[in-house]
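Below: the structure, in structure tokens.
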Amino acid sequence: HPARTVVIGDAADDAVAARHAGARAVLYTGGSHSRASLEEAGVPVVDTLREAVAEAQRLAA
């Protein structure tokens, strides 16, 4: 179900795609995009994949 789906990505486009599908997103700073550019997407931004999974679980609860 899209409302319980959370996309973990490393680009602002990932958040846009998730929103378009009715899902939520968490962005990870480990890719090639800066934290500042990721934060512009308006979704949680984290520094580790462990944090990304924890945030995704919180969002999906």
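Just so we're on the same page: first chain in the structure tokens is A, next is B, and so on; residues restart at 1 for each chain, and ligands are numbered from 1 in the order they show up.
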
Using the chain letters and numbers from this document, which residues of chain A does DSSP assign to alpha helix (DSSP H), as a PyMOL selection string? chain A and resi 12-21+35-39+49-60

Polymer residues at most 8 Å from Glu40 (chain A), only C-alpha atoms, same-chain spacing of 3 or more positions, as a short mmCIF file (atom, residue, chain, number, x, y, z; two decimals) with N, CA and C atoms, in the first residue's frame:
```cif
data_model
loop_
_atom_site.label_atom_id
_atom_site.label_comp_id
_atom_site.auth_asym_id
_atom_site.auth_seq_id
_atom_site.Cartn_x
_atom_site.Cartn_y
_atom_site.Cartn_z
N ALA A 12 17.17 14.04 -4.64
CA ALA A 12 15.88 14.70 -4.47
C ALA A 12 14.84 14.11 -5.40
N ALA A 36 22.35 19.90 1.67
CA ALA A 36 21.51 21.08 1.42
C ALA A 36 20.54 20.82 0.27
N SER A 37 21.01 20.21 -0.80
CA SER A 37 20.11 19.95 -1.93
C SER A 37 19.08 18.89 -1.59
#
```

Secondary structure check, strand (DSSP E or B) residues of chain A, as a ChimeraX atom specification: /A:6-9,24-28,45-46

Okay, now the selection with N, CA, C and O atoms, as a CSV table (one decimal), in the first residue's frame?
```csv
chain,number,residue,atom,x,y,z
A,6,VAL,N,7.9,3.4,2.0
A,6,VAL,CA,8.9,4.5,2.2
A,6,VAL,C,10.0,4.2,1.3
A,6,VAL,O,10.6,3.1,1.3
A,7,VAL,N,10.4,5.1,0.4
A,7,VAL,CA,11.5,5.0,-0.5
A,7,VAL,C,12.7,5.6,0.2
A,7,VAL,O,12.7,6.6,0.8
A,8,ILE,N,13.8,4.8,0.2
A,8,ILE,CA,15.1,5.3,0.7
A,8,ILE,C,15.9,5.6,-0.6
A,8,ILE,O,16.2,4.7,-1.4
A,9,GLY,N,16.3,6.9,-0.7
A,9,GLY,CA,17.1,7.3,-1.9
A,9,GLY,C,18.2,8.2,-1.5
A,9,GLY,O,18.4,8.6,-0.4
A,24,ARG,N,6.2,7.8,0.9
A,24,ARG,CA,7.0,8.7,1.6
A,24,ARG,C,8.5,8.4,1.2
A,24,ARG,O,8.8,7.4,0.6
A,25,ALA,N,9.4,9.3,1.6
A,25,ALA,CA,10.8,9.1,1.3
A,25,ALA,C,11.7,9.6,2.5
A,25,ALA,O,11.3,10.4,3.3
A,26,VAL,N,12.8,8.9,2.5
A,26,VAL,CA,13.9,9.3,3.4
A,26,VAL,C,15.1,9.4,2.4
A,26,VAL,O,15.4,8.5,1.6
A,27,LEU,N,15.9,10.5,2.5
A,27,LEU,CA,17.0,10.6,1.7
A,27,LEU,C,18.3,10.5,2.5
A,27,LEU,O,18.4,10.9,3.6
A,28,TYR,N,19.3,9.8,1.9
A,28,TYR,CA,20.6,9.4,2.5
A,28,TYR,C,21.7,10.3,1.9
A,28,TYR,O,21.8,10.4,0.6
A,45,VAL,N,16.2,13.7,6.0
A,45,VAL,CA,17.6,13.5,5.4
A,45,VAL,C,18.4,12.9,6.6
A,45,VAL,O,18.5,13.5,7.6
A,46,VAL,N,19.1,11.8,6.3
A,46,VAL,CA,19.9,11.1,7.3
A,46,VAL,C,21.3,10.9,6.7
A,46,VAL,O,21.6,10.9,5.5
```

Please identify all polymer residues within 12 Å of Asp47 (chain A), counting only C-alpha atoms, omitting same-chain residues fewer than 6 positions from it, and present them as a ChimeraX atom specification. /A:8-10,26-31,33-35,38-39,53-55

Create the file for the chosen residues now, containing N, CA, C and O atoms and written as a PDB file, in the first residue's frame.
```pdb
ATOM      1  N   ILE A   8      13.829   4.814   0.179  1.00  0.00           N
ATOM      2  CA  ILE A   8      15.103   5.321   0.678  1.00  0.00           C
ATOM      3  C   ILE A   8      15.944   5.624  -0.553  1.00  0.00           C
ATOM      4  O   ILE A   8      16.214   4.735  -1.361  1.00  0.00           O
ATOM      5  N   GLY A   9      16.315   6.880  -0.690  1.00  0.00           N
ATOM      6  CA  GLY A   9      17.065   7.282  -1.871  1.00  0.00           C
ATOM      7  C   GLY A   9      18.202   8.213  -1.526  1.00  0.00           C
ATOM      8  O   GLY A   9      18.387   8.602  -0.376  1.00  0.00           O
ATOM      9  N   ASP A  10      18.952   8.593  -2.564  1.00  0.00           N
ATOM     10  CA  ASP A  10      20.083   9.493  -2.352  1.00  0.00           C
ATOM     11  C   ASP A  10      20.040  10.709  -3.267  1.00  0.00           C
ATOM     12  O   ASP A  10      21.041  11.378  -3.475  1.00  0.00           O
ATOM     13  N   VAL A  26      12.822   8.925   2.485  1.00  0.00           N
ATOM     14  CA  VAL A  26      13.927   9.302   3.353  1.00  0.00           C
ATOM     15  C   VAL A  26      15.135   9.395   2.426  1.00  0.00           C
ATOM     16  O   VAL A  26      15.372   8.496   1.623  1.00  0.00           O
ATOM     17  N   LEU A  27      15.868  10.487   2.535  1.00  0.00           N
ATOM     18  CA  LEU A  27      17.049  10.646   1.693  1.00  0.00           C
ATOM     19  C   LEU A  27      18.319  10.475   2.503  1.00  0.00           C
ATOM     20  O   LEU A  27      18.428  10.926   3.636  1.00  0.00           O
ATOM     21  N   TYR A  28      19.284   9.827   1.883  1.00  0.00           N
ATOM     22  CA  TYR A  28      20.552   9.438   2.493  1.00  0.00           C
ATOM     23  C   TYR A  28      21.673  10.271   1.875  1.00  0.00           C
ATOM     24  O   TYR A  28      21.771  10.376   0.645  1.00  0.00           O
ATOM     25  N   THR A  29      22.507  10.850   2.704  1.00  0.00           N
ATOM     26  CA  THR A  29      23.561  11.739   2.226  1.00  0.00           C
ATOM     27  C   THR A  29      24.764  11.009   1.634  1.00  0.00           C
ATOM     28  O   THR A  29      25.711  11.655   1.200  1.00  0.00           O
ATOM     29  N   GLY A  30      24.739   9.707   1.555  1.00  0.00           N
ATOM     30  CA  GLY A  30      25.887   8.937   1.076  1.00  0.00           C
ATOM     31  C   GLY A  30      26.073   8.932  -0.428  1.00  0.00           C
ATOM     32  O   GLY A  30      27.030   8.360  -0.932  1.00  0.00           O
ATOM     33  N   GLY A  31      25.190   9.583  -1.162  1.00  0.00           N
ATOM     34  CA  GLY A  31      25.319   9.634  -2.616  1.00  0.00           C
ATOM     35  C   GLY A  31      26.124  10.841  -3.061  1.00  0.00           C
ATOM     36  O   GLY A  31      26.958  11.371  -2.324  1.00  0.00           O
ATOM     37  N   HIS A  33      24.884  13.852  -3.920  1.00  0.00           N
ATOM     38  CA  HIS A  33      24.204  15.127  -3.722  1.00  0.00           C
ATOM     39  C   HIS A  33      24.502  15.679  -2.329  1.00  0.00           C
ATOM     40  O   HIS A  33      24.672  14.927  -1.367  1.00  0.00           O
ATOM     41  N   SER A  34      24.528  16.993  -2.221  1.00  0.00           N
ATOM     42  CA  SER A  34      24.814  17.621  -0.929  1.00  0.00           C
ATOM     43  C   SER A  34      23.607  17.519  -0.009  1.00  0.00           C
ATOM     44  O   SER A  34      22.467  17.385  -0.459  1.00  0.00           O
ATOM     45  N   ARG A  35      23.871  17.591   1.286  1.00  0.00           N
ATOM     46  CA  ARG A  35      22.790  17.584   2.275  1.00  0.00           C
ATOM     47  C   ARG A  35      21.834  18.739   1.994  1.00  0.00           C
ATOM     48  O   ARG A  35      20.619  18.567   2.046  1.00  0.00           O
ATOM     49  N   LEU A  38      19.455  17.919  -0.762  1.00  0.00           N
ATOM     50  CA  LEU A  38      18.506  16.891  -0.349  1.00  0.00           C
ATOM     51  C   LEU A  38      17.438  17.482   0.572  1.00  0.00           C
ATOM     52  O   LEU A  38      16.248  17.141   0.451  1.00  0.00           O
ATOM     53  N   GLU A  39      17.834  18.365   1.463  1.00  0.00           N
ATOM     54  CA  GLU A  39      16.882  18.958   2.404  1.00  0.00           C
ATOM     55  C   GLU A  39      15.818  19.791   1.698  1.00  0.00           C
ATOM     56  O   GLU A  39      14.716  19.944   2.208  1.00  0.00           O
ATOM     57  N   VAL A  53      16.849   3.402   7.573  1.00  0.00           N
ATOM     58  CA  VAL A  53      15.919   2.305   7.854  1.00  0.00           C
ATOM     59  C   VAL A  53      15.085   2.614   9.102  1.00  0.00           C
ATOM     60  O   VAL A  53      13.866   2.406   9.109  1.00  0.00           O
ATOM     61  N   ALA A  54      15.718   3.137  10.130  1.00  0.00           N
ATOM     62  CA  ALA A  54      14.982   3.481  11.355  1.00  0.00           C
ATOM     63  C   ALA A  54      13.929   4.551  11.068  1.00  0.00           C
ATOM     64  O   ALA A  54      12.787   4.456  11.546  1.00  0.00           O
ATOM     65  N   GLU A  55      14.284   5.560  10.281  1.00  0.00           N
ATOM     66  CA  GLU A  55      13.328   6.620   9.948  1.00  0.00           C
ATOM     67  C   GLU A  55      12.200   6.071   9.073  1.00  0.00           C
ATOM     68  O   GLU A  55      11.039   6.423   9.243  1.00  0.00           O
TER      69      GLU A  55
END
```

Atomic separation - CA of Leu49 (chain A) relative to CA of His1 (chain A), Å: 22.8 Å

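The interatomic distance for the pair CA of Ser32 (chain A) and CA of Pro2 (chain A) works out to 26.9 Å.
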
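From CA of Arg58 (chain A) back to CA of Thr5 (chain A), the distance works out to 11.3 Å.
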